[in-house]
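Participant: Contents of input-v5.tsv (TSV, C-alpha atoms):
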```tsv
chain	number	residue	atom	x	y	z
A	1	MET	CA	57.55	171.19	-102.92
A	2	LYS	CA	57.12	170.44	-99.22
A	3	LEU	CA	53.92	168.48	-98.71
A	4	LEU	CA	51.67	167.78	-95.73
A	5	ILE	CA	49.39	164.75	-96.15
A	6	ILE	CA	46.41	164.06	-93.89
A	7	THR	CA	45.11	160.49	-94.05
A	8	GLN	CA	43.45	157.82	-91.94
A	9	ALA	CA	46.13	155.15	-91.63
A	10	MET	CA	49.77	154.51	-92.40
A	11	ASP	CA	50.00	150.77	-92.08
A	12	VAL	CA	50.83	148.27	-94.83
A	13	ASN	CA	48.80	145.68	-92.89
A	14	ASN	CA	45.58	147.69	-93.06
A	15	PRO	CA	43.17	145.66	-95.27
A	16	VAL	CA	41.57	148.76	-96.78
A	17	LEU	CA	44.19	151.52	-96.59
A	18	GLY	CA	47.45	149.59	-96.77
A	19	PHE	CA	47.94	150.83	-100.33
A	20	PHE	CA	48.47	154.40	-99.14
A	21	VAL	CA	51.97	153.66	-97.83
A	22	ARG	CA	52.96	153.05	-101.45
A	23	TRP	CA	51.33	156.36	-102.41
A	24	VAL	CA	53.44	158.22	-99.86
A	25	GLN	CA	56.56	156.53	-101.23
A	26	GLU	CA	55.66	157.85	-104.68
A	27	PHE	CA	54.95	161.36	-103.33
A	28	SER	CA	58.36	161.36	-101.65
A	29	LYS	CA	60.11	160.90	-105.01
A	30	HIS	CA	58.80	164.26	-106.20
A	31	CYS	CA	58.82	166.32	-103.00
A	32	GLU	CA	61.63	167.81	-100.96
A	33	LYS	CA	59.86	166.81	-97.76
A	34	VAL	CA	56.66	164.90	-96.94
A	35	THR	CA	54.97	165.10	-93.55
A	36	VAL	CA	52.08	162.73	-92.90
A	37	ILE	CA	49.50	163.18	-90.17
A	38	CYS	CA	47.46	160.01	-89.77
A	39	LEU	CA	44.73	158.88	-87.42
A	40	GLU	CA	46.74	155.75	-86.65
A	41	LYS	CA	50.09	154.35	-87.65
A	42	GLY	CA	51.40	150.82	-87.93
A	43	GLU	CA	54.01	149.05	-90.01
A	44	HIS	CA	55.60	151.10	-92.81
A	45	GLN	CA	58.94	151.61	-94.52
A	46	LEU	CA	59.44	155.07	-95.98
A	47	PRO	CA	62.32	157.24	-97.25
A	48	GLU	CA	64.22	159.63	-94.98
A	49	ASN	CA	62.38	162.67	-96.33
A	50	VAL	CA	59.07	161.35	-94.91
A	51	LYS	CA	57.93	162.08	-91.35
A	52	ILE	CA	54.93	160.30	-89.81
A	53	LEU	CA	52.85	161.84	-87.00
A	54	SER	CA	49.92	159.94	-85.50
A	55	LEU	CA	46.84	161.41	-83.88
A	56	GLY	CA	46.95	158.43	-81.53
A	57	LYS	CA	44.22	155.94	-82.40
A	58	GLU	CA	46.65	153.01	-82.08
A	59	VAL	CA	47.27	153.91	-78.43
A	60	GLY	CA	43.62	154.55	-77.59
A	61	ALA	CA	43.61	158.36	-77.66
A	62	SER	CA	40.25	160.08	-77.26
A	63	LYS	CA	38.60	162.21	-79.96
A	64	VAL	CA	39.47	165.31	-77.95
A	65	LYS	CA	43.10	164.20	-77.99
A	66	TYR	CA	42.87	163.63	-81.78
A	67	ILE	CA	41.81	167.22	-82.31
A	68	PHE	CA	44.43	168.58	-79.90
A	69	ASN	CA	47.16	166.63	-81.68
A	70	PHE	CA	45.88	167.70	-85.09
A	71	TYR	CA	46.17	171.42	-84.32
A	72	ARG	CA	49.48	170.90	-82.53
A	73	TYR	CA	50.98	169.14	-85.53
A	74	ILE	CA	49.76	171.49	-88.25
A	75	TRP	CA	51.18	174.44	-86.28
A	76	GLN	CA	54.36	172.68	-85.17
A	77	GLU	CA	55.18	171.59	-88.74
A	78	ARG	CA	54.10	174.85	-90.43
A	79	LYS	CA	57.60	175.53	-91.82
A	80	ASN	CA	57.89	172.00	-93.20
A	81	TYR	CA	55.07	172.18	-95.76
A	82	ASP	CA	53.78	174.52	-98.46
A	83	VAL	CA	50.81	172.44	-99.65
A	84	VAL	CA	48.28	170.27	-97.82
A	85	PHE	CA	46.79	167.12	-99.36
A	86	VAL	CA	43.79	165.75	-97.42
A	87	HIS	CA	42.99	162.19	-98.42
A	88	MET	CA	39.35	161.11	-98.15
A	89	ASN	CA	38.27	162.90	-94.96
A	90	GLN	CA	36.66	166.32	-95.50
A	91	GLU	CA	36.57	166.84	-91.72
A	92	TYR	CA	40.27	167.67	-91.67
A	93	VAL	CA	39.80	170.36	-94.31
A	94	ILE	CA	37.05	171.94	-92.22
A	95	LEU	CA	39.18	171.76	-89.07
A	96	GLY	CA	42.34	173.18	-90.61
A	97	TRP	CA	41.44	175.51	-93.45
A	98	LYS	CA	41.41	178.79	-91.48
A	99	LEU	CA	44.91	178.29	-90.13
A	100	TRP	CA	46.17	177.06	-93.49
A	101	LYS	CA	44.76	180.12	-95.24
A	102	ILE	CA	46.38	182.44	-92.68
A	103	LEU	CA	49.68	180.64	-93.20
A	104	GLY	CA	49.33	180.82	-96.99
A	105	LYS	CA	49.16	177.05	-97.53
A	106	LYS	CA	47.45	175.61	-100.61
A	107	ILE	CA	44.76	173.02	-99.81
A	108	MET	CA	44.09	169.95	-101.95
A	109	MET	CA	41.35	167.44	-101.11
A	110	TRP	CA	40.76	163.92	-102.43
A	111	ARG	CA	37.15	162.82	-102.03
A	112	ASN	CA	35.56	160.07	-104.07
A	113	HIS	CA	32.05	159.25	-102.87
A	114	PRO	CA	28.62	159.46	-104.54
A	115	MET	CA	27.07	161.17	-101.50
A	116	GLY	CA	27.83	164.56	-100.02
A	117	ASN	CA	26.36	167.23	-97.73
A	118	PHE	CA	26.71	170.83	-96.59
A	119	PHE	CA	30.09	170.10	-95.03
A	120	THR	CA	31.31	168.58	-98.29
A	121	ASN	CA	30.35	171.81	-100.03
A	122	VAL	CA	32.24	173.86	-97.44
A	123	ALA	CA	35.33	171.66	-97.76
A	124	VAL	CA	35.28	172.04	-101.54
A	125	TRP	CA	34.75	175.80	-101.29
A	126	VAL	CA	37.81	176.36	-99.05
A	127	SER	CA	40.05	173.95	-101.01
A	128	ASP	CA	42.22	175.15	-103.87
A	129	ARG	CA	42.02	171.87	-105.78
A	130	VAL	CA	39.73	168.85	-105.45
A	131	PHE	CA	40.26	165.36	-106.88
A	132	CYS	CA	37.99	162.40	-107.55
A	133	THR	CA	38.14	159.42	-109.89
A	134	SER	CA	34.54	159.22	-111.11
A	135	GLN	CA	32.33	161.64	-112.99
A	136	PHE	CA	29.52	160.32	-110.78
A	137	SER	CA	31.25	161.34	-107.54
A	138	TYR	CA	29.50	164.07	-105.53
A	139	THR	CA	32.46	166.42	-105.87
A	140	ALA	CA	32.71	165.99	-109.66
A	141	LYS	CA	30.12	168.72	-110.23
A	142	PHE	CA	32.35	171.51	-108.92
A	143	LYS	CA	34.45	173.53	-111.37
A	144	LYS	CA	37.64	173.20	-109.32
A	145	THR	CA	37.38	169.39	-109.27
A	146	GLU	CA	39.73	167.31	-111.43
A	147	ILE	CA	38.90	163.75	-112.49
A	148	VAL	CA	42.10	161.74	-111.98
A	149	SER	CA	43.27	158.16	-112.35
A	150	VAL	CA	42.77	155.67	-109.52
A	151	GLY	CA	46.48	155.12	-108.79
A	152	ILE	CA	47.51	151.46	-109.08
A	153	ASP	CA	51.07	150.20	-108.66
A	154	THR	CA	51.11	148.03	-111.79
A	155	GLU	CA	54.59	146.72	-111.01
A	156	LEU	CA	53.22	145.25	-107.79
A	157	PHE	CA	49.78	144.22	-109.03
A	158	LYS	CA	50.40	141.99	-112.03
A	159	ARG	CA	49.80	138.48	-113.31
A	160	ASN	CA	51.92	135.77	-111.71
A	161	LEU	CA	51.96	132.82	-114.10
A	162	GLU	CA	53.30	130.55	-111.36
A	163	ILE	CA	49.90	130.81	-109.67
A	164	LYS	CA	47.30	128.67	-111.41
A	165	LYS	CA	43.73	129.90	-111.63
A	166	ILE	CA	41.12	127.91	-109.73
A	167	PRO	CA	38.57	126.76	-112.36
A	168	ASN	CA	35.16	128.47	-112.16
A	169	SER	CA	36.31	130.62	-109.25
A	170	ILE	CA	34.79	133.89	-108.01
A	171	LEU	CA	36.28	136.47	-105.62
A	172	PHE	CA	34.74	139.32	-103.66
A	173	LEU	CA	37.21	141.44	-101.70
A	174	GLY	CA	36.39	144.57	-99.73
A	175	ARG	CA	34.64	145.95	-96.69
A	176	ILE	CA	31.53	143.96	-95.75
A	177	SER	CA	28.69	146.49	-95.66
A	178	PRO	CA	25.26	147.00	-97.27
A	179	ILE	CA	26.61	149.49	-99.84
A	180	LYS	CA	28.84	146.71	-101.22
A	181	ASN	CA	25.75	144.58	-102.04
A	182	VAL	CA	27.32	141.30	-100.89
A	183	ASP	CA	23.81	139.96	-100.20
A	184	ILE	CA	22.90	140.42	-103.88
A	185	LEU	CA	25.99	138.43	-104.84
A	186	ILE	CA	25.03	135.57	-102.50
A	187	GLU	CA	21.51	135.49	-103.96
A	188	ALA	CA	22.97	135.25	-107.47
A	189	LEU	CA	25.31	132.46	-106.42
A	190	ASN	CA	22.40	130.60	-104.86
A	191	LYS	CA	20.56	130.80	-108.18
A	192	LEU	CA	23.62	129.51	-110.04
A	193	ASN	CA	23.84	126.59	-107.64
A	194	LYS	CA	20.17	125.73	-108.19
A	195	ASP	CA	20.80	125.84	-111.95
A	196	GLY	CA	23.61	123.33	-111.58
A	197	VAL	CA	26.46	125.75	-112.37
A	198	ASP	CA	29.78	124.71	-110.85
A	199	PHE	CA	31.65	127.46	-108.99
A	200	ASN	CA	33.95	128.19	-106.06
A	201	ALA	CA	33.50	131.58	-104.35
A	202	LEU	CA	35.55	133.42	-101.72
A	203	ILE	CA	34.28	136.52	-99.90
A	204	VAL	CA	37.07	138.39	-98.11
A	205	GLY	CA	36.54	141.40	-95.87
A	206	ASP	CA	36.04	142.94	-92.45
A	207	TYR	CA	33.03	144.83	-91.15
A	208	ILE	CA	32.61	147.75	-88.80
A	209	LEU	CA	30.51	147.35	-85.66
A	210	LYS	CA	27.34	148.91	-87.06
A	211	ASP	CA	27.36	146.37	-89.91
A	212	ARG	CA	27.73	143.29	-87.74
A	213	GLY	CA	24.05	142.40	-88.21
A	214	TYR	CA	24.50	142.55	-91.97
A	215	TYR	CA	27.57	140.29	-91.75
A	216	GLU	CA	25.73	137.74	-89.60
A	217	ASN	CA	22.84	137.76	-92.07
A	218	LEU	CA	25.25	136.89	-94.89
A	219	LYS	CA	26.64	133.97	-92.87
A	220	ASN	CA	23.12	132.71	-92.18
A	221	ARG	CA	22.14	132.92	-95.85
A	222	ILE	CA	25.14	130.87	-96.90
A	223	LYS	CA	24.29	128.26	-94.25
A	224	ASN	CA	20.55	128.19	-94.98
A	225	TYR	CA	21.10	127.86	-98.73
A	226	GLY	CA	23.45	124.94	-98.13
A	227	LEU	CA	26.32	126.76	-99.81
A	228	GLY	CA	28.97	126.23	-97.15
A	229	ASP	CA	31.07	124.09	-99.50
A	230	LYS	CA	30.74	126.59	-102.35
A	231	ILE	CA	31.13	129.96	-100.61
A	232	LYS	CA	33.78	130.78	-98.00
A	233	LEU	CA	33.47	133.97	-95.94
A	234	VAL	CA	36.79	135.04	-94.36
A	235	ASP	CA	38.33	138.07	-92.63
A	236	GLY	CA	40.13	140.87	-94.46
A	237	ILE	CA	43.81	140.51	-95.34
A	238	LYS	CA	46.79	142.80	-95.95
A	239	ASN	CA	46.70	144.77	-99.20
A	240	ALA	CA	49.89	143.09	-100.43
A	241	GLU	CA	48.38	139.65	-99.82
A	242	THR	CA	45.48	140.36	-102.16
A	243	ILE	CA	47.76	139.94	-105.18
A	244	ASP	CA	47.84	136.17	-104.80
A	245	LEU	CA	44.05	136.07	-104.53
A	246	TYR	CA	43.59	138.09	-107.72
A	247	ASN	CA	45.92	135.63	-109.41
A	248	LYS	CA	44.12	132.54	-108.07
A	249	TYR	CA	40.55	133.53	-108.86
A	250	GLU	CA	39.19	133.84	-112.38
A	251	ILE	CA	36.52	136.47	-111.72
A	252	TYR	CA	36.51	139.42	-109.33
A	253	ILE	CA	33.05	140.82	-108.56
A	254	ASN	CA	32.43	144.31	-107.19
A	255	LEU	CA	28.87	145.56	-106.71
A	256	THR	CA	29.60	148.98	-105.19
A	257	PRO	CA	27.19	151.46	-106.86
A	258	THR	CA	28.32	154.07	-109.36
A	259	GLY	CA	29.95	157.12	-107.75
A	260	SER	CA	32.91	155.50	-106.08
A	261	MET	CA	35.80	153.78	-107.84
A	262	ASP	CA	36.95	150.96	-105.58
A	263	LYS	CA	40.69	150.42	-106.02
A	264	THR	CA	40.19	146.68	-105.77
A	265	ILE	CA	38.54	146.69	-109.20
A	266	PHE	CA	41.67	148.08	-110.81
A	267	GLU	CA	44.04	145.97	-108.72
A	268	ALA	CA	42.20	142.89	-109.97
A	269	MET	CA	42.34	144.11	-113.57
A	270	ALA	CA	46.08	144.82	-113.25
A	271	CYS	CA	46.48	141.15	-112.24
A	272	GLU	CA	44.57	140.16	-115.40
A	273	SER	CA	41.54	138.88	-113.51
A	274	LEU	CA	38.20	139.16	-115.23
A	275	VAL	CA	35.96	141.65	-113.44
A	276	LEU	CA	32.23	142.14	-113.13
A	277	VAL	CA	31.25	145.54	-111.77
A	278	LEU	CA	28.12	147.58	-111.13
A	279	ASN	CA	30.02	150.84	-111.65
A	280	LEU	CA	28.71	152.60	-114.75
A	281	SER	CA	31.76	154.89	-114.82
A	282	LEU	CA	33.48	152.08	-116.75
A	283	VAL	CA	30.84	151.69	-119.46
A	284	ASP	CA	32.53	151.77	-122.89
A	285	LYS	CA	35.94	152.12	-121.25
A	286	ILE	CA	36.29	148.39	-120.75
A	287	ASN	CA	34.40	145.67	-122.61
A	288	ASN	CA	30.76	145.82	-121.54
A	289	ILE	CA	30.82	142.08	-120.80
A	290	HIS	CA	32.39	143.23	-117.50
A	291	ILE	CA	29.54	145.63	-116.63
A	292	TYR	CA	26.53	144.51	-114.62
A	293	LYS	CA	23.41	146.62	-115.01
A	294	ASN	CA	20.33	146.25	-112.85
A	295	ASP	CA	18.18	145.40	-115.86
A	296	VAL	CA	20.06	142.08	-116.25
A	297	ASN	CA	20.06	139.08	-113.95
A	298	LEU	CA	23.37	139.00	-112.04
A	299	ALA	CA	23.50	135.21	-112.15
A	300	ILE	CA	23.33	135.31	-115.96
A	301	LYS	CA	26.24	137.79	-116.12
A	302	ILE	CA	28.38	135.66	-113.82
A	303	LYS	CA	27.56	132.54	-115.84
A	304	GLU	CA	28.53	134.35	-119.05
A	305	LEU	CA	32.02	135.02	-117.71
A	306	LEU	CA	32.40	131.58	-116.15
A	307	TYR	CA	31.58	129.88	-119.46
A	308	LEU	CA	33.99	131.89	-121.61
A	309	GLU	CA	36.57	129.81	-123.43
A	310	THR	CA	39.98	129.80	-121.74
A	311	ASN	CA	41.71	131.75	-124.52
A	312	LEU	CA	39.02	134.45	-124.32
A	313	LYS	CA	39.46	134.71	-120.55
A	314	VAL	CA	43.20	135.22	-121.05
A	315	ASN	CA	42.70	137.82	-123.78
A	316	PHE	CA	40.11	139.77	-121.81
A	317	GLY	CA	42.42	139.74	-118.77
A	318	LYS	CA	45.33	141.15	-120.77
A	319	LYS	CA	43.15	143.92	-122.19
A	320	LEU	CA	42.01	144.87	-118.68
A	321	ARG	CA	45.62	145.14	-117.51
A	322	ASP	CA	46.52	147.28	-120.53
A	323	TYR	CA	43.65	149.60	-119.67
A	324	VAL	CA	44.91	150.06	-116.09
A	325	ILE	CA	48.50	150.67	-117.19
A	326	GLU	CA	47.42	153.29	-119.71
A	327	ASN	CA	44.80	155.07	-117.62
A	328	HIS	CA	45.17	154.35	-113.89
A	329	ASN	CA	48.81	153.78	-112.98
A	330	LEU	CA	50.12	155.30	-109.74
A	331	GLU	CA	52.81	157.47	-111.35
A	332	LYS	CA	50.18	159.21	-113.47
A	333	THR	CA	47.96	159.87	-110.45
A	334	ILE	CA	50.72	161.41	-108.32
A	335	ALA	CA	52.02	163.50	-111.23
A	336	THR	CA	48.53	164.95	-111.75
A	337	ILE	CA	48.12	165.84	-108.06
A	338	LEU	CA	51.51	167.52	-107.84
A	339	ARG	CA	51.50	169.46	-111.09
```
Show the structure stored in the file as structure tokens.
Facilitator:
Amino acid sequence: MKLLIITQAMDVNNPVLGFFVRWVQEFSKHCEKVTVICLEKGEHQLPENVKILSLGKEVGASKVKYIFNFYRYIWQERKNYDVVFVHMNQEYVILGWKLWKILGKKIMMWRNHPMGNFFTNVAVWVSDRVFCTSQFSYTAKFKKTEIVSVGIDTELFKRNLEIKKIPNSILFLGRISPIKNVDILIEALNKLNKDGVDFNALIVGDYILKDRGYYENLKNRIKNYGLGDKIKLVDGIKNAETIDLYNKYEIYINLTPTGSMDKTIFEAMACESLVLVLNLSLVDKINNIHIYKNDVNLAIKIKELLYLETNLKVNFGKKLRDYVIENHNLEKTIATILR
């Protein structure tokens, strides 16, 4: 198979999308040739059968230039791919589907979000195959959609016994935005502090410009609650650097609503961190001690995990890793997409 991939970024240093370089490496093992068109490119090391083409964001290209480059590349490379895999952005399916249909190219789209619209419906309609990781995703309702594993490199994300866990430690890692409910986490931590519960929390992530007000509000809450010595708020880091954090912190908390399946949840589990998630897609798939439901006080759930005996924390962590290996490893995900 000769594969064309459309994605946002090819950069191992990207805090959110750095993982995708590893995905392309795995695709390249099973394809004769892989061509990647990305919005921006940065640092990456890939096999000789992989070609990277950037739409030009890293050099300040305009949106008009993006579109020009997109059509130029998909025509220029037409003999170098049989199948198109669009990762996350339905816009590229809508832009390219007519030409791809004329050229006889199969279209695959990965979209994993609880919300959708008319354009999502169009993108699904013109695609040959659609993938998502949650039965609560917007695209899960379509007959052509396949529910697939999240795709975690479990050889990279694993427990490092040389790194000691920080006692009573809590980690949030991800984009800082209202949908991530970081404010709810801070309110719960404030309640724990008032109740005399000892903890050490780290919130790691970047924000986009429209969410700057939300980010500043979080900083002010931490300051006003007098939690500056208990909660640290820092910028996002490289995907590969998150491994050490998962290994240092006892509990990883993710409050993204049901419908998406944040990879960070599964990366943390692969590193044998305890997790606490709002995502109901995992109900009865992992121990329900790790599931936060809105009918329960978040502070109580966090306290329950913090106060587990050490041997139970270790056992729960190992079971979470086993679950990821069995159900969400990267090799399984790529094999499903390419079959």
Participant: Would you list the residues near (31.4, 136.8, -98.7), meaning any protein, DNA or RNA residue with an atom at most 6 Å from that point in file coordinates, counting all atoms listed in the file, as a ChimeraX atom specification?
Facilitator: /A:203-204,233
Participant: Using all atoms listed in the file - which residues lie no farther than 8 Å from the point (49.1, 147.0, -92.8) in the file's frame? Write them as a VMD selection string.
Facilitator: chain A and resid 10 to 15 17 to 18 42 to 44 238 to 239
Participant: Counting all atoms listed in the file, which of A:Met108, A:Tyr73, A:Tyr323, A:Asn254 gets nearest to Asn89 in chain A?
Facilitator: A:Met108
Participant: State, in Å with one decimal place, the distance from CA of Trp110 in chain A to CA of Tyr214 in chain A.
Facilitator: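 Going from CA of Trp110 in chain A over to CA of Tyr214 in chain A, I get 28.8 Å.
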Participant: Write out as a PyMOL selection string each polymer residue whose atoms come within 12 Å of Leu99 in chain A, counting all atoms listed in the file; drop sequence neighbours fewer than 6 positions from it.
Facilitator: chain A and resi 70-75+78+84+92-93+105-107+126
Participant: Output as a Markdown table one row per residue of range 170-288 of chain A within 9 Å of range 314-317 of chain A: the closest atom pair and its distance in Å to one decimal place, counting all atoms listed in the file, sorted by chain and residue number ascending.
Facilitator:
```
| residue | atom | partner | partner_atom | distance |
| --- | --- | --- | --- | --- |
| A:Met269 | CA | A:Gly317 | CA | 6.8 |
| A:Ala270 | CA | A:Gly317 | CA | 8.3 |
| A:Cys271 | CA | A:Gly317 | CA | 7.8 |
| A:Glu272 | CA | A:Gly317 | CA | 4.0 |
| A:Ser273 | CA | A:Gly317 | CA | 5.4 |
| A:Leu274 | CA | A:Gly317 | CA | 5.5 |
| A:Val275 | CA | A:Gly317 | CA | 8.6 |
| A:Asn287 | CA | A:Phe316 | CA | 8.2 |
```
Participant: Have a look at CA of Val148 in chain A and CA of Leu3 in chain A and let me know their distance in Å, one decimal.
Facilitator: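 Separation between CA of Val148 in chain A and CA of Leu3 in chain A: 19.0 Å.
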